[in-house]
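So this one's query.cif, mmCIF, N, CA and C atoms and all ligand atoms:
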data_entry
loop_
_atom_site.label_atom_id
_atom_site.label_comp_id
_atom_site.auth_asym_id
_atom_site.auth_seq_id
_atom_site.Cartn_x
_atom_site.Cartn_y
_atom_site.Cartn_z
N MET A 1 0.84 -1.20 0.00
CA MET A 1 0.00 0.00 0.00
C MET A 1 0.87 1.25 0.00
N ASN A 2 0.50 2.20 -0.82
CA ASN A 2 1.22 3.46 -0.95
C ASN A 2 0.92 4.38 0.23
N ILE A 3 1.94 5.01 0.76
CA ILE A 3 1.76 5.87 1.94
C ILE A 3 0.77 7.01 1.69
N GLN A 4 0.77 7.58 0.50
CA GLN A 4 -0.14 8.70 0.19
C GLN A 4 -1.61 8.26 0.20
N ASN A 5 -1.84 6.95 0.00
CA ASN A 5 -3.21 6.47 -0.08
C ASN A 5 -3.78 5.97 1.24
N LYS A 6 -2.98 6.06 2.31
CA LYS A 6 -3.49 5.59 3.60
C LYS A 6 -4.63 6.46 4.09
N LEU A 7 -5.72 5.82 4.47
CA LEU A 7 -6.89 6.53 4.97
C LEU A 7 -6.62 7.02 6.39
N PRO A 8 -6.70 8.34 6.64
CA PRO A 8 -6.53 8.80 8.02
C PRO A 8 -7.72 8.38 8.85
N VAL A 9 -7.51 7.85 10.06
CA VAL A 9 -8.62 7.38 10.88
C VAL A 9 -8.76 8.20 12.16
N VAL A 10 -7.75 9.02 12.46
CA VAL A 10 -7.77 9.81 13.69
C VAL A 10 -7.54 11.28 13.33
N CYS A 11 -8.29 12.15 13.99
CA CYS A 11 -8.17 13.59 13.75
C CYS A 11 -6.76 14.08 14.10
N PRO A 12 -6.07 14.74 13.16
CA PRO A 12 -4.72 15.22 13.47
C PRO A 12 -4.73 16.36 14.48
N SER A 13 -5.89 16.95 14.70
CA SER A 13 -5.99 18.08 15.63
C SER A 13 -6.30 17.64 17.06
N CYS A 14 -7.33 16.76 17.23
CA CYS A 14 -7.74 16.39 18.60
C CYS A 14 -7.68 14.90 18.88
N ALA A 15 -7.29 14.08 17.88
CA ALA A 15 -7.10 12.63 18.03
C ALA A 15 -8.41 11.84 18.17
N SER A 16 -9.57 12.46 17.93
CA SER A 16 -10.82 11.71 17.92
C SER A 16 -10.91 10.88 16.64
N SER A 17 -11.78 9.84 16.66
CA SER A 17 -12.00 9.05 15.45
C SER A 17 -12.70 9.91 14.40
N LEU A 18 -12.27 9.76 13.16
CA LEU A 18 -12.89 10.53 12.08
C LEU A 18 -14.10 9.80 11.52
N ASN A 19 -15.07 10.55 11.00
CA ASN A 19 -16.19 9.99 10.26
C ASN A 19 -15.95 10.20 8.78
N VAL A 20 -16.69 9.46 7.94
CA VAL A 20 -16.63 9.68 6.50
C VAL A 20 -17.66 10.75 6.14
N ALA A 21 -17.22 11.82 5.50
CA ALA A 21 -18.13 12.91 5.15
C ALA A 21 -18.44 12.93 3.66
N GLN A 22 -17.59 12.29 2.86
CA GLN A 22 -17.82 12.33 1.42
C GLN A 22 -17.33 11.05 0.75
N LEU A 23 -18.13 10.54 -0.19
CA LEU A 23 -17.76 9.37 -0.98
C LEU A 23 -17.91 9.73 -2.45
N ALA A 24 -17.05 9.15 -3.28
CA ALA A 24 -17.12 9.46 -4.71
C ALA A 24 -17.10 8.18 -5.53
N CYS A 25 -17.91 8.16 -6.62
CA CYS A 25 -17.92 7.04 -7.55
C CYS A 25 -16.74 7.20 -8.52
N PRO A 26 -15.83 6.20 -8.56
CA PRO A 26 -14.69 6.34 -9.45
C PRO A 26 -15.07 6.24 -10.92
N ASN A 27 -16.26 5.73 -11.22
CA ASN A 27 -16.70 5.56 -12.60
C ASN A 27 -17.28 6.84 -13.19
N CYS A 28 -18.27 7.45 -12.50
CA CYS A 28 -18.95 8.62 -13.08
C CYS A 28 -18.74 9.89 -12.28
N SER A 29 -17.90 9.82 -11.22
CA SER A 29 -17.58 10.99 -10.40
C SER A 29 -18.74 11.53 -9.56
N THR A 30 -19.84 10.76 -9.45
CA THR A 30 -20.92 11.19 -8.57
C THR A 30 -20.39 11.22 -7.13
N GLY A 31 -20.74 12.30 -6.40
CA GLY A 31 -20.30 12.42 -5.02
C GLY A 31 -21.47 12.26 -4.07
N VAL A 32 -21.25 11.66 -2.90
CA VAL A 32 -22.27 11.52 -1.88
C VAL A 32 -21.72 12.13 -0.60
N SER A 33 -22.51 13.02 0.01
CA SER A 33 -22.08 13.63 1.26
C SER A 33 -22.91 13.12 2.42
N GLY A 34 -22.35 13.09 3.60
CA GLY A 34 -23.07 12.65 4.78
C GLY A 34 -22.15 12.68 5.97
N ASN A 35 -22.47 11.90 6.98
CA ASN A 35 -21.62 11.82 8.16
C ASN A 35 -21.70 10.40 8.69
N PHE A 36 -20.86 9.53 8.14
CA PHE A 36 -20.93 8.11 8.44
C PHE A 36 -19.77 7.69 9.33
N PRO A 37 -20.06 7.02 10.47
CA PRO A 37 -18.94 6.50 11.26
C PRO A 37 -18.25 5.37 10.49
N LEU A 38 -16.94 5.27 10.63
CA LEU A 38 -16.21 4.18 9.98
C LEU A 38 -16.51 2.86 10.69
N PRO A 39 -16.59 1.75 9.94
CA PRO A 39 -16.68 0.45 10.58
C PRO A 39 -15.46 0.23 11.49
N VAL A 40 -15.65 -0.59 12.53
CA VAL A 40 -14.59 -0.78 13.53
C VAL A 40 -13.24 -1.14 12.90
N PHE A 41 -13.25 -2.07 11.94
CA PHE A 41 -11.99 -2.50 11.33
C PHE A 41 -11.25 -1.32 10.70
N LEU A 42 -12.01 -0.40 10.10
CA LEU A 42 -11.39 0.73 9.42
C LEU A 42 -10.96 1.83 10.38
N GLN A 43 -11.36 1.71 11.65
CA GLN A 43 -10.89 2.69 12.64
C GLN A 43 -9.51 2.34 13.16
N LEU A 44 -9.06 1.14 12.83
CA LEU A 44 -7.72 0.74 13.24
C LEU A 44 -6.70 1.39 12.31
N THR A 45 -5.47 1.52 12.77
CA THR A 45 -4.43 2.08 11.91
C THR A 45 -4.13 1.09 10.79
N ALA A 46 -3.50 1.57 9.72
CA ALA A 46 -3.16 0.71 8.59
C ALA A 46 -2.29 -0.47 9.06
N ASP A 47 -1.36 -0.21 9.99
CA ASP A 47 -0.50 -1.27 10.52
C ASP A 47 -1.31 -2.34 11.25
N GLU A 48 -2.28 -1.88 12.04
CA GLU A 48 -3.12 -2.82 12.80
C GLU A 48 -3.98 -3.66 11.85
N GLN A 49 -4.52 -3.02 10.81
CA GLN A 49 -5.31 -3.76 9.82
C GLN A 49 -4.46 -4.82 9.13
N GLU A 50 -3.23 -4.45 8.80
CA GLU A 50 -2.32 -5.38 8.14
C GLU A 50 -2.00 -6.57 9.06
N PHE A 51 -1.80 -6.27 10.33
CA PHE A 51 -1.53 -7.30 11.34
C PHE A 51 -2.69 -8.30 11.42
N ILE A 52 -3.91 -7.79 11.47
CA ILE A 52 -5.10 -8.65 11.54
C ILE A 52 -5.25 -9.48 10.25
N LEU A 53 -4.98 -8.85 9.11
CA LEU A 53 -5.05 -9.58 7.84
C LEU A 53 -4.06 -10.74 7.81
N LYS A 54 -2.87 -10.51 8.37
CA LYS A 54 -1.88 -11.59 8.43
C LYS A 54 -2.43 -12.78 9.22
N PHE A 55 -3.11 -12.50 10.33
CA PHE A 55 -3.72 -13.59 11.11
C PHE A 55 -4.75 -14.34 10.30
N PHE A 56 -5.58 -13.57 9.61
CA PHE A 56 -6.63 -14.18 8.79
C PHE A 56 -6.00 -15.09 7.74
N LEU A 57 -4.97 -14.59 7.07
CA LEU A 57 -4.37 -15.32 5.95
C LEU A 57 -3.51 -16.50 6.40
N THR A 58 -3.17 -16.56 7.69
CA THR A 58 -2.44 -17.72 8.20
C THR A 58 -3.37 -18.59 9.05
N SER A 59 -4.67 -18.43 8.87
CA SER A 59 -5.69 -19.16 9.64
C SER A 59 -5.48 -18.97 11.15
N GLY A 60 -5.02 -17.78 11.54
CA GLY A 60 -4.90 -17.46 12.96
C GLY A 60 -3.69 -18.06 13.64
N SER A 61 -2.62 -18.29 12.90
CA SER A 61 -1.42 -18.88 13.49
C SER A 61 -0.45 -17.81 14.01
N ILE A 62 -0.36 -17.69 15.35
CA ILE A 62 0.57 -16.73 15.95
C ILE A 62 1.99 -17.09 15.56
N LYS A 63 2.28 -18.39 15.54
CA LYS A 63 3.62 -18.88 15.21
C LYS A 63 4.02 -18.42 13.80
N GLU A 64 3.09 -18.56 12.86
CA GLU A 64 3.41 -18.21 11.48
C GLU A 64 3.54 -16.69 11.30
N VAL A 65 2.65 -15.93 11.97
CA VAL A 65 2.73 -14.47 11.88
C VAL A 65 4.06 -14.01 12.49
N ALA A 66 4.45 -14.58 13.61
CA ALA A 66 5.72 -14.22 14.25
C ALA A 66 6.89 -14.46 13.29
N ALA A 67 6.86 -15.59 12.60
CA ALA A 67 7.92 -15.91 11.64
C ALA A 67 7.93 -14.91 10.49
N GLN A 68 6.72 -14.55 10.01
CA GLN A 68 6.62 -13.62 8.87
C GLN A 68 7.15 -12.24 9.19
N ILE A 69 6.87 -11.73 10.39
CA ILE A 69 7.28 -10.35 10.70
C ILE A 69 8.56 -10.31 11.53
N GLY A 70 9.13 -11.46 11.80
CA GLY A 70 10.42 -11.52 12.49
C GLY A 70 10.37 -11.12 13.95
N ASN A 71 9.23 -11.37 14.60
CA ASN A 71 9.11 -11.11 16.04
C ASN A 71 8.98 -12.43 16.79
N SER A 72 9.17 -12.37 18.12
CA SER A 72 9.02 -13.59 18.92
C SER A 72 7.54 -13.89 19.13
N TYR A 73 7.25 -15.12 19.45
CA TYR A 73 5.87 -15.54 19.72
C TYR A 73 5.23 -14.68 20.81
N PRO A 74 5.92 -14.48 21.98
CA PRO A 74 5.27 -13.65 23.04
C PRO A 74 5.01 -12.21 22.61
N THR A 75 5.90 -11.65 21.78
CA THR A 75 5.69 -10.28 21.30
C THR A 75 4.42 -10.19 20.47
N VAL A 76 4.25 -11.17 19.56
CA VAL A 76 3.06 -11.19 18.71
C VAL A 76 1.82 -11.46 19.56
N ARG A 77 1.94 -12.36 20.52
CA ARG A 77 0.82 -12.68 21.44
C ARG A 77 0.36 -11.41 22.17
N ASN A 78 1.33 -10.62 22.68
CA ASN A 78 1.00 -9.38 23.40
C ASN A 78 0.35 -8.36 22.49
N ARG A 79 0.90 -8.24 21.27
CA ARG A 79 0.34 -7.27 20.33
C ARG A 79 -1.10 -7.65 19.98
N LEU A 80 -1.32 -8.94 19.82
CA LEU A 80 -2.67 -9.43 19.52
C LEU A 80 -3.62 -9.12 20.67
N ASP A 81 -3.17 -9.39 21.91
CA ASP A 81 -4.02 -9.12 23.08
C ASP A 81 -4.37 -7.63 23.17
N ASP A 82 -3.37 -6.76 22.94
CA ASP A 82 -3.61 -5.31 22.97
C ASP A 82 -4.65 -4.91 21.92
N LEU A 83 -4.51 -5.52 20.74
CA LEU A 83 -5.41 -5.20 19.63
C LEU A 83 -6.83 -5.69 19.91
N ILE A 84 -6.94 -6.85 20.54
CA ILE A 84 -8.26 -7.38 20.92
C ILE A 84 -8.94 -6.42 21.89
N GLU A 85 -8.17 -5.92 22.87
CA GLU A 85 -8.72 -4.96 23.84
C GLU A 85 -9.18 -3.68 23.13
N LYS A 86 -8.37 -3.20 22.19
CA LYS A 86 -8.71 -1.98 21.46
C LYS A 86 -10.01 -2.16 20.67
N VAL A 87 -10.13 -3.32 19.98
CA VAL A 87 -11.32 -3.58 19.16
C VAL A 87 -12.56 -3.69 20.06
N LYS A 88 -12.40 -4.34 21.23
CA LYS A 88 -13.54 -4.45 22.16
C LYS A 88 -14.02 -3.06 22.61
N LYS A 89 -13.06 -2.16 22.90
CA LYS A 89 -13.42 -0.79 23.30
C LYS A 89 -14.13 -0.06 22.17
N LEU A 90 -13.60 -0.21 20.94
CA LEU A 90 -14.22 0.45 19.78
C LEU A 90 -15.65 -0.07 19.57
N GLN A 91 -15.83 -1.38 19.76
CA GLN A 91 -17.17 -1.97 19.58
C GLN A 91 -18.13 -1.42 20.62
N LYS A 92 -17.66 -1.23 21.86
CA LYS A 92 -18.52 -0.71 22.92
C LYS A 92 -19.01 0.70 22.60
N THR A 93 -18.13 1.53 22.02
CA THR A 93 -18.53 2.90 21.72
C THR A 93 -19.54 2.95 20.57
N HIS A 94 -19.73 1.81 19.87
CA HIS A 94 -20.68 1.77 18.76
C HIS A 94 -22.00 1.10 19.12
N GLU A 95 -22.11 0.58 20.37
CA GLU A 95 -23.35 -0.11 20.75
C GLU A 95 -24.47 0.88 21.03
ZN ZN A 101 -21.11 6.34 -10.66
#

Could you quickly redo this structure as structure tokens?
Ligand SMILES: [Zn+2]
Amino acid sequence: MNIQNKLPVVCPSCASSLNVAQLACPNCSTGVSGNFPLPVFLQLTADEQEFILKFFLTSGSIKEVAAQIGNSYPTVRNRLDDLIEKVKKLQKTHE
């Protein structure tokens, strides 16, 4: 993924989660305006999304993800636990 194309998910001014205010059709350039909260997965940083995708693509193998990113098993385990806590908090704010 190109750095310029990363979707910002946090306000650079106050650090609150951003909403989607505008969508555009790449085919006919029609624009839609509104105020839509991002789905929980998209509120995560690009790095966190990539980390979760790695788990999905290795059928949830901590061992394999650790090997892929060159970290130890406990490091990946801790990162996963932190991310699970973050997602649970994000889900609560959307209930
Ligand atoms: Zn269109």

Inset, instruction - Pull the alpha helix (DSSP H) assignments for chain A out of DSSP run on the backbone, and list those residues as a PyMOL selection string. - result: chain A and resi 40-43+46-57+62-69+73-93

Suppose we keep N, CA and C atoms; can you now write the selection as a short mmCIF file (atom, residue, chain, number, x, y, z; two decimals), keeping the file's coordinate frame?
data_model
loop_
_atom_site.label_atom_id
_atom_site.label_comp_id
_atom_site.auth_asym_id
_atom_site.auth_seq_id
_atom_site.Cartn_x
_atom_site.Cartn_y
_atom_site.Cartn_z
N VAL A 40 -15.65 -0.59 12.53
CA VAL A 40 -14.59 -0.78 13.53
C VAL A 40 -13.24 -1.14 12.90
N PHE A 41 -13.25 -2.07 11.94
CA PHE A 41 -11.99 -2.50 11.33
C PHE A 41 -11.25 -1.32 10.70
N LEU A 42 -12.01 -0.40 10.10
CA LEU A 42 -11.39 0.73 9.42
C LEU A 42 -10.96 1.83 10.38
N GLN A 43 -11.36 1.71 11.65
CA GLN A 43 -10.89 2.69 12.64
C GLN A 43 -9.51 2.34 13.16
N ALA A 46 -3.50 1.57 9.72
CA ALA A 46 -3.16 0.71 8.59
C ALA A 46 -2.29 -0.47 9.06
N ASP A 47 -1.36 -0.21 9.99
CA ASP A 47 -0.50 -1.27 10.52
C ASP A 47 -1.31 -2.34 11.25
N GLU A 48 -2.28 -1.88 12.04
CA GLU A 48 -3.12 -2.82 12.80
C GLU A 48 -3.98 -3.66 11.85
N GLN A 49 -4.52 -3.02 10.81
CA GLN A 49 -5.31 -3.76 9.82
C GLN A 49 -4.46 -4.82 9.13
N GLU A 50 -3.23 -4.45 8.80
CA GLU A 50 -2.32 -5.38 8.14
C GLU A 50 -2.00 -6.57 9.06
N PHE A 51 -1.80 -6.27 10.33
CA PHE A 51 -1.53 -7.30 11.34
C PHE A 51 -2.69 -8.30 11.42
N ILE A 52 -3.91 -7.79 11.47
CA ILE A 52 -5.10 -8.65 11.54
C ILE A 52 -5.25 -9.48 10.25
N LEU A 53 -4.98 -8.85 9.11
CA LEU A 53 -5.05 -9.58 7.84
C LEU A 53 -4.06 -10.74 7.81
N LYS A 54 -2.87 -10.51 8.37
CA LYS A 54 -1.88 -11.59 8.43
C LYS A 54 -2.43 -12.78 9.22
N PHE A 55 -3.11 -12.50 10.33
CA PHE A 55 -3.72 -13.59 11.11
C PHE A 55 -4.75 -14.34 10.30
N PHE A 56 -5.58 -13.57 9.61
CA PHE A 56 -6.63 -14.18 8.79
C PHE A 56 -6.00 -15.09 7.74
N LEU A 57 -4.97 -14.59 7.07
CA LEU A 57 -4.37 -15.32 5.95
C LEU A 57 -3.51 -16.50 6.40
N ILE A 62 -0.36 -17.69 15.35
CA ILE A 62 0.57 -16.73 15.95
C ILE A 62 1.99 -17.09 15.56
N LYS A 63 2.28 -18.39 15.54
CA LYS A 63 3.62 -18.88 15.21
C LYS A 63 4.02 -18.42 13.80
N GLU A 64 3.09 -18.56 12.86
CA GLU A 64 3.41 -18.21 11.48
C GLU A 64 3.54 -16.69 11.30
N VAL A 65 2.65 -15.93 11.97
CA VAL A 65 2.73 -14.47 11.88
C VAL A 65 4.06 -14.01 12.49
N ALA A 66 4.45 -14.58 13.61
CA ALA A 66 5.72 -14.22 14.25
C ALA A 66 6.89 -14.46 13.29
N ALA A 67 6.86 -15.59 12.60
CA ALA A 67 7.92 -15.91 11.64
C ALA A 67 7.93 -14.91 10.49
N GLN A 68 6.72 -14.55 10.01
CA GLN A 68 6.62 -13.62 8.87
C GLN A 68 7.15 -12.24 9.19
N ILE A 69 6.87 -11.73 10.39
CA ILE A 69 7.28 -10.35 10.70
C ILE A 69 8.56 -10.31 11.53
N TYR A 73 7.25 -15.12 19.45
CA TYR A 73 5.87 -15.54 19.72
C TYR A 73 5.23 -14.68 20.81
N PRO A 74 5.92 -14.48 21.98
CA PRO A 74 5.27 -13.65 23.04
C PRO A 74 5.01 -12.21 22.61
N THR A 75 5.90 -11.65 21.78
CA THR A 75 5.69 -10.28 21.30
C THR A 75 4.42 -10.19 20.47
N VAL A 76 4.25 -11.17 19.56
CA VAL A 76 3.06 -11.19 18.71
C VAL A 76 1.82 -11.46 19.56
N ARG A 77 1.94 -12.36 20.52
CA ARG A 77 0.82 -12.68 21.44
C ARG A 77 0.36 -11.41 22.17
N ASN A 78 1.33 -10.62 22.68
CA ASN A 78 1.00 -9.38 23.40
C ASN A 78 0.35 -8.36 22.49
N ARG A 79 0.90 -8.24 21.27
CA ARG A 79 0.34 -7.27 20.33
C ARG A 79 -1.10 -7.65 19.98
N LEU A 80 -1.32 -8.94 19.82
CA LEU A 80 -2.67 -9.43 19.52
C LEU A 80 -3.62 -9.12 20.67
N ASP A 81 -3.17 -9.39 21.91
CA ASP A 81 -4.02 -9.12 23.08
C ASP A 81 -4.37 -7.63 23.17
N ASP A 82 -3.37 -6.76 22.94
CA ASP A 82 -3.61 -5.31 22.97
C ASP A 82 -4.65 -4.91 21.92
N LEU A 83 -4.51 -5.52 20.74
CA LEU A 83 -5.41 -5.20 19.63
C LEU A 83 -6.83 -5.69 19.91
N ILE A 84 -6.94 -6.85 20.54
CA ILE A 84 -8.26 -7.38 20.92
C ILE A 84 -8.94 -6.42 21.89
N GLU A 85 -8.17 -5.92 22.87
CA GLU A 85 -8.72 -4.96 23.84
C GLU A 85 -9.18 -3.68 23.13
N LYS A 86 -8.37 -3.20 22.19
CA LYS A 86 -8.71 -1.98 21.46
C LYS A 86 -10.01 -2.16 20.67
N VAL A 87 -10.13 -3.32 19.98
CA VAL A 87 -11.32 -3.58 19.16
C VAL A 87 -12.56 -3.69 20.06
N LYS A 88 -12.40 -4.34 21.23
CA LYS A 88 -13.54 -4.45 22.16
C LYS A 88 -14.02 -3.06 22.61
N LYS A 89 -13.06 -2.16 22.90
CA LYS A 89 -13.42 -0.79 23.30
C LYS A 89 -14.13 -0.06 22.17
N LEU A 90 -13.60 -0.21 20.94
CA LEU A 90 -14.22 0.45 19.78
C LEU A 90 -15.65 -0.07 19.57
N GLN A 91 -15.83 -1.38 19.76
CA GLN A 91 -17.17 -1.97 19.58
C GLN A 91 -18.13 -1.42 20.62
N LYS A 92 -17.66 -1.23 21.86
CA LYS A 92 -18.52 -0.71 22.92
C LYS A 92 -19.01 0.70 22.60
N THR A 93 -18.13 1.53 22.02
CA THR A 93 -18.53 2.90 21.72
C THR A 93 -19.54 2.95 20.57
#

Inset, instruction - Dump the neighbourhood of ligand ZN 101 (chain A) as an NGL selection string: all residues within 6.5 Å, distances computed on only N, CA and C atoms and all ligand atoms. - result: :A and (25-30)

Segment 33-35 of chain A: which residues within 6.5 Å, counting all atoms listed in the file, same-chain residues fewer than 4 positions away excluded, as a JSON list (two decimals) with N, CA and C atoms, in the frame of the given file?
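Written output follows (selection-v7.json):
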[["chain", "number", "residue", "atom", "x", "y", "z"],
["A", 19, "ASN", "N", -15.07, 10.55, 11.00],
["A", 19, "ASN", "CA", -16.19, 9.99, 10.26],
["A", 19, "ASN", "C", -15.95, 10.20, 8.78],
["A", 20, "VAL", "N", -16.69, 9.46, 7.94],
["A", 20, "VAL", "CA", -16.63, 9.68, 6.50],
["A", 20, "VAL", "C", -17.66, 10.75, 6.14],
["A", 21, "ALA", "N", -17.22, 11.82, 5.50],
["A", 21, "ALA", "CA", -18.13, 12.91, 5.15],
["A", 21, "ALA", "C", -18.44, 12.93, 3.66],
["A", 22, "GLN", "N", -17.59, 12.29, 2.86],
["A", 22, "GLN", "CA", -17.82, 12.33, 1.42],
["A", 22, "GLN", "C", -17.33, 11.05, 0.75],
["A", 23, "LEU", "N", -18.13, 10.54, -0.19],
["A", 23, "LEU", "CA", -17.76, 9.37, -0.98],
["A", 23, "LEU", "C", -17.91, 9.73, -2.45]]

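In this model, the gap between atom N of Glu48 of chain A and atom CA of Leu83 of chain A comes to 8.9 Å.
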
Inset, instruction - For atom CA of Phe51 of chain A and atom C of Cys14 of chain A, quote the distance in Å rounded to one decimal. - result: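 Between these atoms lies a distance of 24.2 Å.
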
Legend entry - Selection near segment 85-91 of chain A, 8 Å with only N, CA and C atoms, sequence-local residues under 6 positions removed, as JSON, numbers by chain: {"A": [40, 41, 79]}

Legend entry - Option closest in space to Ala46 of chain A, from A:Val10, A:Asp82, A:Ser72, A:Thr93 [counting only C-alpha atoms]: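 The closest residue to Ala46 of chain A is A:Val10.
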
Inset, instruction - Quote the spacing between atom CA of Asn5 of chain A and atom CA of Lys54 of chain A in Å to one decimal place. - result: 20.0 Å

Apply DSSP to the structure's backbone, then extract all residues of chain A labelled strand (DSSP E or B) and return them as a PDB file with N, CA and C atoms, keeping the file's coordinate frame.
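Written file, selection_3.pdb:
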ATOM      1  N   VAL A  10      -7.750   9.020  12.460  1.00  0.00           N
ATOM      2  CA  VAL A  10      -7.770   9.810  13.690  1.00  0.00           C
ATOM      3  C   VAL A  10      -7.540  11.280  13.330  1.00  0.00           C
ATOM      4  N   SER A  17     -11.780   9.840  16.660  1.00  0.00           N
ATOM      5  CA  SER A  17     -12.000   9.050  15.450  1.00  0.00           C
ATOM      6  C   SER A  17     -12.700   9.910  14.400  1.00  0.00           C
ATOM      7  N   ASN A  19     -15.070  10.550  11.000  1.00  0.00           N
ATOM      8  CA  ASN A  19     -16.190   9.990  10.260  1.00  0.00           C
ATOM      9  C   ASN A  19     -15.950  10.200   8.780  1.00  0.00           C
ATOM     10  N   VAL A  20     -16.690   9.460   7.940  1.00  0.00           N
ATOM     11  CA  VAL A  20     -16.630   9.680   6.500  1.00  0.00           C
ATOM     12  C   VAL A  20     -17.660  10.750   6.140  1.00  0.00           C
ATOM     13  N   ALA A  21     -17.220  11.820   5.500  1.00  0.00           N
ATOM     14  CA  ALA A  21     -18.130  12.910   5.150  1.00  0.00           C
ATOM     15  C   ALA A  21     -18.440  12.930   3.660  1.00  0.00           C
ATOM     16  N   GLN A  22     -17.590  12.290   2.860  1.00  0.00           N
ATOM     17  CA  GLN A  22     -17.820  12.330   1.420  1.00  0.00           C
ATOM     18  C   GLN A  22     -17.330  11.050   0.750  1.00  0.00           C
ATOM     19  N   LEU A  23     -18.130  10.540  -0.190  1.00  0.00           N
ATOM     20  CA  LEU A  23     -17.760   9.370  -0.980  1.00  0.00           C
ATOM     21  C   LEU A  23     -17.910   9.730  -2.450  1.00  0.00           C
ATOM     22  N   ALA A  24     -17.050   9.150  -3.280  1.00  0.00           N
ATOM     23  CA  ALA A  24     -17.120   9.460  -4.710  1.00  0.00           C
ATOM     24  C   ALA A  24     -17.100   8.180  -5.530  1.00  0.00           C
ATOM     25  N   GLY A  31     -20.740  12.300  -6.400  1.00  0.00           N
ATOM     26  CA  GLY A  31     -20.300  12.420  -5.020  1.00  0.00           C
ATOM     27  C   GLY A  31     -21.470  12.260  -4.070  1.00  0.00           C
ATOM     28  N   VAL A  32     -21.250  11.660  -2.900  1.00  0.00           N
ATOM     29  CA  VAL A  32     -22.270  11.520  -1.880  1.00  0.00           C
ATOM     30  C   VAL A  32     -21.720  12.130  -0.600  1.00  0.00           C
ATOM     31  N   SER A  33     -22.510  13.020   0.010  1.00  0.00           N
ATOM     32  CA  SER A  33     -22.080  13.630   1.260  1.00  0.00           C
ATOM     33  C   SER A  33     -22.910  13.120   2.420  1.00  0.00           C
ATOM     34  N   GLY A  34     -22.350  13.090   3.600  1.00  0.00           N
ATOM     35  CA  GLY A  34     -23.070  12.650   4.780  1.00  0.00           C
ATOM     36  C   GLY A  34     -22.150  12.680   5.970  1.00  0.00           C
ATOM     37  N   ASN A  35     -22.470  11.900   6.980  1.00  0.00           N
ATOM     38  CA  ASN A  35     -21.620  11.820   8.160  1.00  0.00           C
ATOM     39  C   ASN A  35     -21.700  10.400   8.690  1.00  0.00           C
ATOM     40  N   PHE A  36     -20.860   9.530   8.140  1.00  0.00           N
ATOM     41  CA  PHE A  36     -20.930   8.110   8.440  1.00  0.00           C
ATOM     42  C   PHE A  36     -19.770   7.690   9.330  1.00  0.00           C
ATOM     43  N   PRO A  37     -20.060   7.020  10.470  1.00  0.00           N
ATOM     44  CA  PRO A  37     -18.940   6.500  11.260  1.00  0.00           C
ATOM     45  C   PRO A  37     -18.250   5.370  10.490  1.00  0.00           C
TER      46      PRO A  37
END

Inset, instruction - Could you check which of A:Asp47, A:Lys92, A:Leu38, A:Gly70 is closest to Lys6 of chain A, using only C-alpha atoms? - result: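 Answer, going by the shortest atom-to-atom distance: A:Asp47.
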
Taking all atoms of segment 34-39 of chain A that the file lists, what box with edges along x, y and z, padded by 4 Å per side, do you get, with centre and edge lengths in Å to one decimal, as lines of an AutoDock Vina configuration file?
center_x = -19.3
center_y = 6.7
center_z = 7.5
size_x = 15.6
size_y = 20.9
size_z = 15.9

Legend entry - Exercise: residues within 12 Å of coordinate (4.0, -12.0, 9.0), counting only C-alpha atoms, as a list in words: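 Residues with an atom close enough to that point: Asp47, Glu50, Phe51, Ile52, Leu53, Lys54, Phe55, Phe56, Leu57, Thr58, Gly60, Ser61, Ile62, Lys63, Glu64, Val65, Ala66, Ala67, Gln68, Ile69, Gly70, Asn71, Ser72, Tyr73 and Val76 of chain A.
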
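With all atoms listed in the file as the atoms that count, the residue of A:Gln43, A:Leu80, A:Ser59, A:Phe36 with the shortest distance to Val9 of chain A is A:Gln43.
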